[in-house]
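Data block below; observations after.
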Amino acid sequence: MRVSKSRQERASFLPTFMLILCIIQPVLDVASFWLDRLGLSNAPTTALRFLMLALVVGVGFILSERKGYYLGLAGVLAALTAGHILACAQWSYDAPLVDLANALRIYQLPMMTLSFITMVRKEPACIESIKKGFLICLAVCASVEIVSVLTDTNPYTYRDQKTVGICGWFYFANSQSAILTMLVPVSICYVLEKTKKTLPILLASVTGLGVLYFFATRLAFAALVGTGFGVAVCLFFFRKTMDVKKPAIILVVCTVIALAAVPLSPMVKNDTLVARNKILKQQDIDAMVAADEAAAIEAGLEGEALSVARLASAYDKYLPGLSGHFGLERTAELYDRSTDAGDIADVRRARLNFCKLLLEDQPGLSFWFGMEREDMSHDGITYDVENDLHGIFYLCGAVGLVLMLLFLGWFLFRIVVALRRDFRSVFTLQAVGCGIALLCCLIHAYCTAGVLRRPNVTFYLAALLAVSYGLTQKTRSDHET
């Protein structure tokens, strides 16, 4: 009895512990931004994140009655790491500490998720803390964005020469986009659970959908539409237990206004600038190709030699890593000797192609366990891919990618099974918010980088996965009872 009581007392602190963990996430992000802006190292915030990971895993392990799961996960990750080290060692492992630190960023998701599941199992009130924490984080993010605009310190979502989108004091736009698309649906549904008053519902809807509108990415805008219409439609299922007309109307009106204002949106402004820039790049490419072709003809080249030589300047400028690392002829063959700016000026495609060719040059274990991240660079430019699932394949190999897909797929499978078994019990407002947030995050992971490999994003994703586990576990327990 004493042991049981002691464990219960320790578990009673978990909701507060989880709430604190949520609240400090945007604080760490803002600190990282300003350290970088001031030209200082962000090592302090990175160290704090690793310490937080160790603390979370330690607490979960101590409280868990199923420590075999922790040991099993540690064994799987150790085996994957050993395979990765052997694969890298085949081709000169130049920066193992940096590479393994990068791997730990990927491992954080399953490690934190398992720990959060333990906390949710020990104290179901942790689910409430997570939802409340998400709402507070959204409020912090929105406040930071407003202050950054008022103080003219907004770094913009799309920087360089475009200066488009309100990003706020957050370091990496792709990550922040994914974070917002998780925070917004959970926060809106949480407010709908807690109040029937118009003002809080309107404030949550305008704030949540507003930050997505002004963020400027296509994925953020898609999340706006999906959240606004998605939650409004799902409210139909709760019409017998709550007044759904008012919140549904507010959400639909806000979403329709955002759609009507698409021509004025920063997303469209960015797309317009991208299209104009593409025209300028095409003119530049055409001029370089014409000049190189004339020079090659004058030098007596013809046939295959001419078709490659005419691409030299354009490929050196727009595909410097590929042509410099793998040679002009091989790069030209990969791109079918294209002179289209849509092909050779596509940075995302260039990164994928760099890693594709690099993998061809590193056969054997690299396919199964990945390559060193330091190898994915040329002349100081990193060609790590901009899609997280692809990135996990190239960094952790086919084995790592399959393990990640099985890990994520298991939660999706649980959700589907729970909905089929007892739809009425599972399909709650909190489940709607969590489901939309999970979907938005996974779409980000497929389309962009900075999701499954960034500690600040994987924290929120791990929390969502733990919530989904808790909701389906509760239903299963009730059903069995």
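Letters for chains follow the order of the structure tokens (A, B, ...), residue numbers begin at 1 for each chain, and ligand numbers begin at 1 in the order shown.
For segment 159-173 of chain A, the non-local neighbours within 7 Å, defined as residues at least 4 positions apart in the same chain or in other chains and counting only C-alpha atoms, are Asp29, Val30, Ser32, Phe33, Val144, Glu145, Ser148, Asn154, Pro155, Ser177, Phe214, Phe215, Ala216, Pro266 and Asn270 of chain A.
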N, CA and C atoms of the current selection, written as a compact mmCIF listing (two decimals), in the first residue's frame:
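The new file again_20.txt reads:
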# COMPACT_ATOMS: atom_id res chain seq x y z
N ASP A 29 11.96 28.50 -28.08
CA ASP A 29 12.05 28.87 -29.50
C ASP A 29 12.42 30.35 -29.65
N VAL A 30 11.78 31.19 -28.87
CA VAL A 30 12.08 32.63 -28.93
C VAL A 30 13.52 32.89 -28.49
N SER A 32 16.05 30.82 -28.77
CA SER A 32 16.91 30.38 -29.86
C SER A 32 16.99 31.42 -30.97
N PHE A 33 15.84 32.01 -31.28
CA PHE A 33 15.81 33.05 -32.32
C PHE A 33 16.70 34.22 -31.97
N VAL A 144 3.67 36.95 -29.62
CA VAL A 144 5.03 37.19 -30.13
C VAL A 144 4.97 37.73 -31.56
N GLU A 145 4.08 37.17 -32.37
CA GLU A 145 3.96 37.65 -33.75
C GLU A 145 3.51 39.11 -33.78
N SER A 148 6.33 41.36 -32.62
CA SER A 148 7.40 41.43 -33.63
C SER A 148 7.03 42.38 -34.77
N ASN A 154 9.91 41.49 -36.99
CA ASN A 154 9.41 40.26 -37.59
C ASN A 154 10.40 39.76 -38.64
N PRO A 155 10.89 38.54 -38.51
CA PRO A 155 11.89 38.04 -39.47
C PRO A 155 11.27 37.56 -40.78
N SER A 177 5.45 26.57 -38.85
CA SER A 177 4.22 26.28 -39.60
C SER A 177 3.57 25.00 -39.09
N PHE A 214 -1.86 34.63 -41.91
CA PHE A 214 -0.75 35.57 -42.09
C PHE A 214 0.61 34.88 -42.13
N PHE A 215 0.65 33.59 -41.82
CA PHE A 215 1.95 32.91 -41.84
C PHE A 215 2.50 32.77 -43.25
N ALA A 216 1.60 32.63 -44.24
CA ALA A 216 1.95 32.72 -45.67
C ALA A 216 2.29 31.41 -46.36
N PRO A 266 -0.74 36.98 -47.82
CA PRO A 266 0.71 36.89 -48.03
C PRO A 266 1.10 35.62 -48.79
N ASN A 270 3.49 35.78 -51.99
CA ASN A 270 4.71 34.98 -52.15
C ASN A 270 4.68 34.20 -53.45
Can you build me a table of segment 31-74 of chain A residues sitting at most 12 Å from segment 120-142 of chain A, with the closest atom pair per residue and its distance in Å to one decimal, using only C-alpha atoms, sorted by chain and residue number, as JSON lines?
{"residue": "A:Val59", "atom": "CA", "partner": "A:Lys122", "partner_atom": "CA", "distance": 11.5}
{"residue": "A:Gly60", "atom": "CA", "partner": "A:Lys122", "partner_atom": "CA", "distance": 9.6}
{"residue": "A:Phe61", "atom": "CA", "partner": "A:Lys122", "partner_atom": "CA", "distance": 11.9}
{"residue": "A:Ile62", "atom": "CA", "partner": "A:Lys122", "partner_atom": "CA", "distance": 11.5}
{"residue": "A:Leu63", "atom": "CA", "partner": "A:Lys122", "partner_atom": "CA", "distance": 7.8}
{"residue": "A:Ser64", "atom": "CA", "partner": "A:Lys122", "partner_atom": "CA", "distance": 8.1}
{"residue": "A:Glu65", "atom": "CA", "partner": "A:Lys122", "partner_atom": "CA", "distance": 9.5}
{"residue": "A:Arg66", "atom": "CA", "partner": "A:Arg121", "partner_atom": "CA", "distance": 11.1}
Residue subset to file, keeping N, CA and C atoms, as a PDB file, in the first residue's frame:
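Everything below was put into selection_39.pdb:
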ATOM      1  N   VAL A  59      11.663  10.419 -16.034  1.00  0.00           N
ATOM      2  CA  VAL A  59      10.419  10.390 -15.264  1.00  0.00           C
ATOM      3  C   VAL A  59       9.511   9.269 -15.754  1.00  0.00           C
ATOM      4  N   GLY A  60       9.408   9.152 -17.086  1.00  0.00           N
ATOM      5  CA  GLY A  60       8.567   8.089 -17.634  1.00  0.00           C
ATOM      6  C   GLY A  60       9.051   6.713 -17.242  1.00  0.00           C
ATOM      7  N   PHE A  61      10.353   6.508 -17.298  1.00  0.00           N
ATOM      8  CA  PHE A  61      10.918   5.197 -16.969  1.00  0.00           C
ATOM      9  C   PHE A  61      10.689   4.854 -15.500  1.00  0.00           C
ATOM     10  N   ILE A  62      10.893   5.832 -14.629  1.00  0.00           N
ATOM     11  CA  ILE A  62      10.720   5.593 -13.194  1.00  0.00           C
ATOM     12  C   ILE A  62       9.269   5.243 -12.867  1.00  0.00           C
ATOM     13  N   LEU A  63       8.331   5.947 -13.488  1.00  0.00           N
ATOM     14  CA  LEU A  63       6.920   5.743 -13.176  1.00  0.00           C
ATOM     15  C   LEU A  63       6.316   4.526 -13.877  1.00  0.00           C
ATOM     16  N   SER A  64       6.950   4.092 -14.958  1.00  0.00           N
ATOM     17  CA  SER A  64       6.364   3.018 -15.756  1.00  0.00           C
ATOM     18  C   SER A  64       6.373   1.677 -15.041  1.00  0.00           C
ATOM     19  N   GLU A  65       5.285   0.944 -15.209  1.00  0.00           N
ATOM     20  CA  GLU A  65       5.217  -0.426 -14.728  1.00  0.00           C
ATOM     21  C   GLU A  65       5.560  -1.407 -15.859  1.00  0.00           C
ATOM     22  N   ARG A  66       5.860  -0.859 -16.996  1.00  0.00           N
ATOM     23  CA  ARG A  66       6.204  -1.665 -18.168  1.00  0.00           C
ATOM     24  C   ARG A  66       7.560  -1.207 -18.701  1.00  0.00           C
TER      25      ARG A  66
END
Could you build a table of the residues in segment 196-259 of chain A lying no more than 8 Å from segment 428-436 of chain A, giving for each the nearest pair of atoms and their separation in Å rounded to one decimal place, using only C-alpha atoms, ordered by chain and ascending residue number, as a tab-separated table?
residue	atom	partner	partner_atom	distance
A:Gly226	CA	A:Ile436	CA	7.7
A:Thr227	CA	A:Ile436	CA	6.8
A:Gly230	CA	A:Ile436	CA	7.8
A:Val231	CA	A:Val432	CA	7.0
A:Cys234	CA	A:Val432	CA	7.3
A:Leu235	CA	A:Leu429	CA	7.8
Put those residues in a file: C-alpha atoms, as a CSV table (one decimal), in the first residue's frame.
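Generated output (out-v3.csv):
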chain,number,residue,atom,x,y,z
A,226,GLY,CA,-9.2,22.2,-42.9
A,227,THR,CA,-9.5,23.4,-39.3
A,230,GLY,CA,-13.4,20.5,-40.5
A,231,VAL,CA,-14.3,21.5,-36.9
A,234,CYS,CA,-17.7,17.8,-37.0
A,235,LEU,CA,-19.8,19.9,-34.6
Taking only residues of segment 369-399 of chain A that have an atom at most 8 Å from an atom of segment 354-363 of chain A, what is each one's shortest atom pair and its distance in Å to one decimal, using only C-alpha atoms, in chain and number order, as CSV?
residue,atom,partner,partner_atom,distance
A:Met371,CA,A:Leu359,CA,7.6
A:Met376,CA,A:Cys355,CA,6.6
A:Tyr383,CA,A:Phe354,CA,6.6
A:Asp384,CA,A:Cys355,CA,7.3
A:Val385,CA,A:Cys355,CA,7.4
A:Tyr394,CA,A:Cys355,CA,7.0
Once you have the residues from the selection above, write them out as a PDB file, in the first residue's frame, restricted to N, CA and C atoms.
ATOM      1  N   MET A 371      23.225   7.589 -44.440  1.00  0.00           N
ATOM      2  CA  MET A 371      24.517   8.208 -44.708  1.00  0.00           C
ATOM      3  C   MET A 371      24.788   9.308 -43.687  1.00  0.00           C
ATOM      4  N   MET A 376      26.400  15.239 -47.031  1.00  0.00           N
ATOM      5  CA  MET A 376      25.373  15.877 -47.853  1.00  0.00           C
ATOM      6  C   MET A 376      25.652  17.368 -47.999  1.00  0.00           C
ATOM      7  N   TYR A 383      22.947  19.954 -48.472  1.00  0.00           N
ATOM      8  CA  TYR A 383      21.910  19.444 -49.368  1.00  0.00           C
ATOM      9  C   TYR A 383      21.040  18.393 -48.692  1.00  0.00           C
ATOM     10  N   ASP A 384      20.962  18.467 -47.369  1.00  0.00           N
ATOM     11  CA  ASP A 384      20.014  17.635 -46.643  1.00  0.00           C
ATOM     12  C   ASP A 384      18.614  17.942 -47.177  1.00  0.00           C
ATOM     13  N   VAL A 385      17.822  16.918 -47.456  1.00  0.00           N
ATOM     14  CA  VAL A 385      16.568  17.112 -48.184  1.00  0.00           C
ATOM     15  C   VAL A 385      15.552  17.908 -47.380  1.00  0.00           C
ATOM     16  N   TYR A 394      17.362   8.925 -46.061  1.00  0.00           N
ATOM     17  CA  TYR A 394      18.768   9.151 -46.406  1.00  0.00           C
ATOM     18  C   TYR A 394      19.666   9.194 -45.167  1.00  0.00           C
TER      19      TYR A 394
END
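The smallest atom-to-atom distance between Ala445 of chain A and any of A:Pro15, A:Gly397, A:Gly228, A:Gly391, using only C-alpha atoms, is found for A:Gly391.
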Could you name the residues that touch Thr448 of chain A at 7 Å or less, counting only C-alpha atoms, but leaving out those on the same chain fewer than 5 positions away, as number ranges by chain? A: 174, 386-388
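Counting from atom CA of Ala345 of chain A, the distance to atom CA of Pro320 of chain A is 10.7 Å.
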Please report, as a VMD selection string, each residue of segment 187-375 of chain A to which DSSP assigns helix (DSSP H, G or I) when run on this structure's backbone. chain A and resid 187 to 194 198 to 215 218 to 238 245 to 260 262 to 264 266 to 298 303 to 309 312 to 318 320 to 326 328 to 334 341 to 344 347 to 361 365 to 369 373 to 375
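Among the candidates A:Ile117, A:Ile249, A:Thr207, A:Phe326, the one nearest to Gln473 of chain A when counting only C-alpha atoms is A:Ile117.
Residues lying within 10 Å of segment 285-290 of chain A, counting only C-alpha atoms and ignoring same-chain neighbours fewer than 2 positions away, are Ile279, Leu280, Lys281, Gln282, Gln283, Asp292, Glu293, Ala294, Ala295, Ala296, Ser307, Ala309, Arg310, Leu311, Ala312, Ser313, Ala314, Tyr315, Lys317, Tyr318, Thr339, Asp340, Ala341, Ile344 and Ala345 of chain A.
Between Ala31 of chain A and the residues A:Lys194, A:Arg49, A:His325, A:Arg373, the shortest atom-to-atom distance, using only C-alpha atoms, involves A:Arg49.
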With segment 101-112 of chain A as the partner and 9 Å as the cut-off, tabulate the residues of segment 414-470 of chain A that qualify, each row holding the nearest pair of atoms and their distance in Å to one decimal, using only C-alpha atoms, sorted by chain and rising number, as JSON lines.
{"residue": "A:Leu452", "atom": "CA", "partner": "A:Ile106", "partner_atom": "CA", "distance": 6.3}
{"residue": "A:Arg453", "atom": "CA", "partner": "A:Ile106", "partner_atom": "CA", "distance": 4.9}
{"residue": "A:Arg454", "atom": "CA", "partner": "A:Arg105", "partner_atom": "CA", "distance": 6.2}
{"residue": "A:Pro455", "atom": "CA", "partner": "A:Arg105", "partner_atom": "CA", "distance": 6.0}
{"residue": "A:Thr458", "atom": "CA", "partner": "A:Leu109", "partner_atom": "CA", "distance": 5.4}
{"residue": "A:Phe459", "atom": "CA", "partner": "A:Leu109", "partner_atom": "CA", "distance": 7.1}
{"residue": "A:Leu461", "atom": "CA", "partner": "A:Leu109", "partner_atom": "CA", "distance": 7.5}
{"residue": "A:Ala462", "atom": "CA", "partner": "A:Leu109", "partner_atom": "CA", "distance": 5.9}
{"residue": "A:Ala463", "atom": "CA", "partner": "A:Met112", "partner_atom": "CA", "distance": 8.1}
Export of the given selection (C-alpha atoms) as a PDB file, in the first residue's frame:
ATOM      1  CA  LEU A 452      10.179  14.812 -37.500  1.00  0.00           C
ATOM      2  CA  ARG A 453      13.765  16.022 -37.101  1.00  0.00           C
ATOM      3  CA  ARG A 454      13.245  19.138 -34.968  1.00  0.00           C
ATOM      4  CA  PRO A 455      12.906  18.757 -31.172  1.00  0.00           C
ATOM      5  CA  THR A 458       8.394  16.516 -32.141  1.00  0.00           C
ATOM      6  CA  PHE A 459       7.497  17.603 -28.599  1.00  0.00           C
ATOM      7  CA  LEU A 461       3.660  15.627 -32.000  1.00  0.00           C
ATOM      8  CA  ALA A 462       4.651  13.296 -29.163  1.00  0.00           C
ATOM      9  CA  ALA A 463       2.076  14.987 -26.925  1.00  0.00           C
TER      10      ALA A 463
END
